[in-house]
Amino acid sequence: MSGPSPIATDAARPRDGDVIVSRESGSGGKYSVRQAPGDVQFHAAVRDEAIRLARSFAQKATVDLWYSDDGSHKLLEAYRRRESTL
């Protein structure tokens with residue numbers, strides 16, 4: 001399978017506002033995209049297409065991009081603005 005490799009472990013979890021791409025079981029292999037903790041915003045037939053569209057949204061919203069499969073979450077891209085430690 002092509003596409004970005006995960007850059008985090010399953011111990012990490014999406015925060016409110018983050019964008020999540022998920023493979024939907026029982027739907028013929030479709031992928032869904034949603035913003036946590038919300039409902040599905042759109043579907044894509046191909047993983048790379050779902051990630052491309054989700055990445056664009058995550059970048060503009062400065063939130064992180066995640067991939068979820070069978071309950072595990074993997075961070076794909078970190079765009080969220082980090083809080084300063086001043």
# chains A, B, ... in the order shown; residues from 1 in each chain; ligands from 1
call {"tool": "residues_around", "arguments": {"residues": "region 36-44 of chain A", "least_positions_apart": "5", "cutoff": "6 Å", "atoms": "only C-alpha atoms", "output": "PDB file with C-alpha atoms, in the first residue's frame"}}
result
ATOM      1  CA  ASP A  16     -10.634  17.602  19.348  1.00  0.00           C
ATOM      2  CA  GLY A  17     -10.425  19.205  15.924  1.00  0.00           C
ATOM      3  CA  ASP A  18      -7.898  16.744  14.476  1.00  0.00           C
ATOM      4  CA  LYS A  30     -14.220   2.892   1.397  1.00  0.00           C
ATOM      5  CA  TYR A  31     -12.376   5.445   3.477  1.00  0.00           C
ATOM      6  CA  ALA A  50      -8.813  10.355   1.299  1.00  0.00           C
TER       7      ALA A  50
END
call {"tool": "residues_around", "arguments": {"residues": "region 59-65 of chain A", "least_positions_apart": "3", "cutoff": "7 Å", "atoms": "only C-alpha atoms", "output": "count of residues only"}}
result
13
call {"tool": "atom_distance", "arguments": {"atom1": "CA of Arg34 (chain A)", "atom2": "CA of Ala12 (chain A)"}}
result
17.6 Å
call {"tool": "select_by_dssp", "arguments": {"residues": "region 20-84 of chain A", "states": "helix (DSSP H, G or I)", "output": "number ranges by chain"}}
result
A: 47-61
call {"tool": "select_by_dssp", "arguments": {"residues": "chain A", "states": "strand (DSSP E)", "output": "list in words"}}
result
Val19, Ile20, Val21, Ser22, Arg23, Tyr31, Ser32, Val33, Arg34, Gln35, Val40, Gln41, Phe42, His43, Ala44, Leu65, Trp66, Tyr67, Ser68, Asp69, Ser72, His73, Lys74, Leu75, Leu76 and Glu77 of chain A
call {"tool": "write_last_selection", "arguments": {"atoms": "N, CA and C atoms", "output": "tab-separated table (two decimals), in the first residue's frame"}}
result
chain	number	residue	atom	x	y	z
A	19	VAL	N	-8.06	15.80	12.24
A	19	VAL	CA	-8.69	15.15	11.11
A	19	VAL	C	-8.29	13.67	11.10
A	20	ILE	N	-9.28	12.80	10.92
A	20	ILE	CA	-9.04	11.36	10.97
A	20	ILE	C	-9.53	10.71	9.68
A	21	VAL	N	-8.65	9.94	9.05
A	21	VAL	CA	-9.00	9.10	7.90
A	21	VAL	C	-9.14	7.69	8.43
A	22	SER	N	-10.27	7.03	8.12
A	22	SER	CA	-10.52	5.68	8.62
A	22	SER	C	-10.94	4.77	7.47
A	23	ARG	N	-10.48	3.52	7.55
A	23	ARG	CA	-10.97	2.50	6.62
A	23	ARG	C	-12.25	1.96	7.21
A	31	TYR	N	-13.06	4.71	2.42
A	31	TYR	CA	-12.38	5.44	3.48
A	31	TYR	C	-13.22	6.65	3.83
A	32	SER	N	-13.29	6.96	5.12
A	32	SER	CA	-14.04	8.12	5.56
A	32	SER	C	-13.09	9.14	6.16
A	33	VAL	N	-13.52	10.39	6.11
A	33	VAL	CA	-12.75	11.48	6.69
A	33	VAL	C	-13.68	12.26	7.60
A	34	ARG	N	-13.19	12.52	8.82
A	34	ARG	CA	-13.99	13.28	9.77
A	34	ARG	C	-13.06	14.13	10.62
A	35	GLN	N	-13.64	15.11	11.28
A	35	GLN	CA	-12.90	15.93	12.22
A	35	GLN	C	-13.37	15.52	13.61
A	40	VAL	N	-18.72	11.70	10.05
A	40	VAL	CA	-18.03	11.60	8.77
A	40	VAL	C	-18.43	12.78	7.89
A	41	GLN	N	-17.42	13.42	7.29
A	41	GLN	CA	-17.67	14.57	6.42
A	41	GLN	C	-17.68	14.18	4.96
A	42	PHE	N	-16.87	13.19	4.59
A	42	PHE	CA	-16.92	12.68	3.22
A	42	PHE	C	-16.26	11.32	3.14
A	43	HIS	N	-16.51	10.63	2.01
A	43	HIS	CA	-15.97	9.31	1.75
A	43	HIS	C	-15.08	9.36	0.51
A	44	ALA	N	-14.14	8.44	0.45
A	44	ALA	CA	-13.30	8.28	-0.74
A	44	ALA	C	-13.13	6.78	-0.99
A	65	LEU	N	-3.20	15.25	11.45
A	65	LEU	CA	-3.83	14.29	10.55
A	65	LEU	C	-3.53	12.89	11.04
A	66	TRP	N	-4.56	12.07	11.21
A	66	TRP	CA	-4.45	10.71	11.74
A	66	TRP	C	-5.03	9.70	10.77
A	67	TYR	N	-4.55	8.46	10.89
A	67	TYR	CA	-5.14	7.33	10.18
A	67	TYR	C	-5.59	6.33	11.23
A	68	SER	N	-6.81	5.84	11.11
A	68	SER	CA	-7.36	4.90	12.07
A	68	SER	C	-7.81	3.64	11.36
A	69	ASP	N	-7.43	2.49	11.94
A	69	ASP	CA	-7.83	1.20	11.38
A	69	ASP	C	-8.01	0.24	12.55
A	72	SER	N	-7.02	1.42	16.23
A	72	SER	CA	-5.71	2.01	16.51
A	72	SER	C	-5.56	3.30	15.71
A	73	HIS	N	-4.85	4.27	16.28
A	73	HIS	CA	-4.64	5.56	15.64
A	73	HIS	C	-3.16	5.77	15.38
A	74	LYS	N	-2.85	6.25	14.20
A	74	LYS	CA	-1.46	6.55	13.84
A	74	LYS	C	-1.39	7.97	13.30
A	75	LEU	N	-0.48	8.76	13.85
A	75	LEU	CA	-0.30	10.14	13.41
A	75	LEU	C	0.42	10.13	12.06
A	76	LEU	N	-0.19	10.77	11.06
A	76	LEU	CA	0.43	10.87	9.73
A	76	LEU	C	1.19	12.17	9.56
A	77	GLU	N	0.58	13.28	10.00
A	77	GLU	CA	1.19	14.60	9.85
A	77	GLU	C	0.81	15.45	11.06
call {"tool": "decode", "arguments": {"residues": "chain A", "atoms": "C-alpha atoms", "output": "PDB file, in the first residue's frame"}}
result
ATOM      1  CA  MET A   1       0.000   0.000   0.000  1.00  0.00           C
ATOM      2  CA  SER A   2       1.450   3.370  -0.949  1.00  0.00           C
ATOM      3  CA  GLY A   3       1.100   6.602   0.942  1.00  0.00           C
ATOM      4  CA  PRO A   4       2.584   8.243   3.994  1.00  0.00           C
ATOM      5  CA  SER A   5       3.971   6.099   6.774  1.00  0.00           C
ATOM      6  CA  PRO A   6       2.699   6.544  10.317  1.00  0.00           C
ATOM      7  CA  ILE A   7       4.972   8.622  12.546  1.00  0.00           C
ATOM      8  CA  ALA A   8       3.509   7.846  15.968  1.00  0.00           C
ATOM      9  CA  THR A   9       2.573   4.870  18.095  1.00  0.00           C
ATOM     10  CA  ASP A  10      -0.881   3.589  18.949  1.00  0.00           C
ATOM     11  CA  ALA A  11      -0.523   5.193  22.398  1.00  0.00           C
ATOM     12  CA  ALA A  12      -1.189   8.605  20.845  1.00  0.00           C
ATOM     13  CA  ARG A  13      -4.770   9.727  20.304  1.00  0.00           C
ATOM     14  CA  PRO A  14      -6.387  12.450  18.201  1.00  0.00           C
ATOM     15  CA  ARG A  15      -7.475  15.615  19.985  1.00  0.00           C
ATOM     16  CA  ASP A  16     -10.634  17.602  19.348  1.00  0.00           C
ATOM     17  CA  GLY A  17     -10.425  19.205  15.924  1.00  0.00           C
ATOM     18  CA  ASP A  18      -7.898  16.744  14.476  1.00  0.00           C
ATOM     19  CA  VAL A  19      -8.688  15.149  11.105  1.00  0.00           C
ATOM     20  CA  ILE A  20      -9.044  11.358  10.971  1.00  0.00           C
ATOM     21  CA  VAL A  21      -9.003   9.101   7.901  1.00  0.00           C
ATOM     22  CA  SER A  22     -10.523   5.677   8.617  1.00  0.00           C
ATOM     23  CA  ARG A  23     -10.972   2.501   6.616  1.00  0.00           C
ATOM     24  CA  GLU A  24     -14.595   1.484   6.891  1.00  0.00           C
ATOM     25  CA  SER A  25     -15.154  -2.212   7.464  1.00  0.00           C
ATOM     26  CA  GLY A  26     -18.022  -3.781   5.583  1.00  0.00           C
ATOM     27  CA  SER A  27     -18.328  -0.921   3.095  1.00  0.00           C
ATOM     28  CA  GLY A  28     -16.346  -2.334   0.205  1.00  0.00           C
ATOM     29  CA  GLY A  29     -13.089  -0.732   1.326  1.00  0.00           C
ATOM     30  CA  LYS A  30     -14.220   2.892   1.397  1.00  0.00           C
ATOM     31  CA  TYR A  31     -12.376   5.445   3.477  1.00  0.00           C
ATOM     32  CA  SER A  32     -14.043   8.116   5.563  1.00  0.00           C
ATOM     33  CA  VAL A  33     -12.746  11.481   6.690  1.00  0.00           C
ATOM     34  CA  ARG A  34     -13.986  13.283   9.769  1.00  0.00           C
ATOM     35  CA  GLN A  35     -12.904  15.930  12.221  1.00  0.00           C
ATOM     36  CA  ALA A  36     -12.765  14.647  15.821  1.00  0.00           C
ATOM     37  CA  PRO A  37     -15.125  14.190  17.553  1.00  0.00           C
ATOM     38  CA  GLY A  38     -17.596  14.771  14.707  1.00  0.00           C
ATOM     39  CA  ASP A  39     -19.406  12.710  12.133  1.00  0.00           C
ATOM     40  CA  VAL A  40     -18.029  11.604   8.767  1.00  0.00           C
ATOM     41  CA  GLN A  41     -17.671  14.568   6.421  1.00  0.00           C
ATOM     42  CA  PHE A  42     -16.917  12.684   3.220  1.00  0.00           C
ATOM     43  CA  HIS A  43     -15.972   9.306   1.750  1.00  0.00           C
ATOM     44  CA  ALA A  44     -13.298   8.277  -0.741  1.00  0.00           C
ATOM     45  CA  ALA A  45     -12.864   4.986  -2.581  1.00  0.00           C
ATOM     46  CA  VAL A  46      -9.049   5.133  -2.422  1.00  0.00           C
ATOM     47  CA  ARG A  47      -6.873   5.617   0.691  1.00  0.00           C
ATOM     48  CA  ASP A  48      -4.437   8.002  -1.013  1.00  0.00           C
ATOM     49  CA  GLU A  49      -7.283  10.229  -2.189  1.00  0.00           C
ATOM     50  CA  ALA A  50      -8.813  10.355   1.299  1.00  0.00           C
ATOM     51  CA  ILE A  51      -5.443  11.266   2.811  1.00  0.00           C
ATOM     52  CA  ARG A  52      -4.748  13.908   0.152  1.00  0.00           C
ATOM     53  CA  LEU A  53      -8.058  15.647   0.804  1.00  0.00           C
ATOM     54  CA  ALA A  54      -7.752  15.297   4.577  1.00  0.00           C
ATOM     55  CA  ARG A  55      -4.167  16.625   4.537  1.00  0.00           C
ATOM     56  CA  SER A  56      -5.280  19.791   2.771  1.00  0.00           C
ATOM     57  CA  PHE A  57      -7.964  20.414   5.375  1.00  0.00           C
ATOM     58  CA  ALA A  58      -5.645  19.621   8.320  1.00  0.00           C
ATOM     59  CA  GLN A  59      -2.988  22.015   7.019  1.00  0.00           C
ATOM     60  CA  LYS A  60      -5.462  24.869   6.627  1.00  0.00           C
ATOM     61  CA  ALA A  61      -7.017  24.220  10.043  1.00  0.00           C
ATOM     62  CA  THR A  62      -3.566  23.685  11.670  1.00  0.00           C
ATOM     63  CA  VAL A  63      -4.646  20.422  13.272  1.00  0.00           C
ATOM     64  CA  ASP A  64      -3.042  16.971  13.140  1.00  0.00           C
ATOM     65  CA  LEU A  65      -3.834  14.289  10.548  1.00  0.00           C
ATOM     66  CA  TRP A  66      -4.454  10.713  11.739  1.00  0.00           C
ATOM     67  CA  TYR A  67      -5.138   7.325  10.180  1.00  0.00           C
ATOM     68  CA  SER A  68      -7.363   4.899  12.073  1.00  0.00           C
ATOM     69  CA  ASP A  69      -7.827   1.197  11.382  1.00  0.00           C
ATOM     70  CA  ASP A  70      -9.468  -1.300  13.748  1.00  0.00           C
ATOM     71  CA  GLY A  71      -9.397   1.115  16.677  1.00  0.00           C
ATOM     72  CA  SER A  72      -5.709   2.015  16.509  1.00  0.00           C
ATOM     73  CA  HIS A  73      -4.645   5.561  15.639  1.00  0.00           C
ATOM     74  CA  LYS A  74      -1.461   6.547  13.844  1.00  0.00           C
ATOM     75  CA  LEU A  75      -0.298  10.136  13.408  1.00  0.00           C
ATOM     76  CA  LEU A  76       0.426  10.865   9.732  1.00  0.00           C
ATOM     77  CA  GLU A  77       1.191  14.601   9.850  1.00  0.00           C
ATOM     78  CA  ALA A  78       1.512  17.077  12.723  1.00  0.00           C
ATOM     79  CA  TYR A  79       0.219  20.535  11.790  1.00  0.00           C
ATOM     80  CA  ARG A  80      -1.250  21.556  15.156  1.00  0.00           C
ATOM     81  CA  ARG A  81       0.263  24.673  16.618  1.00  0.00           C
ATOM     82  CA  ARG A  82       2.139  23.703  19.739  1.00  0.00           C
ATOM     83  CA  GLU A  83       1.576  25.726  22.894  1.00  0.00           C
ATOM     84  CA  SER A  84       4.585  27.810  23.864  1.00  0.00           C
ATOM     85  CA  THR A  85       6.398  26.991  27.086  1.00  0.00           C
ATOM     86  CA  LEU A  86       7.089  30.615  28.136  1.00  0.00           C
TER      87      LEU A  86
END
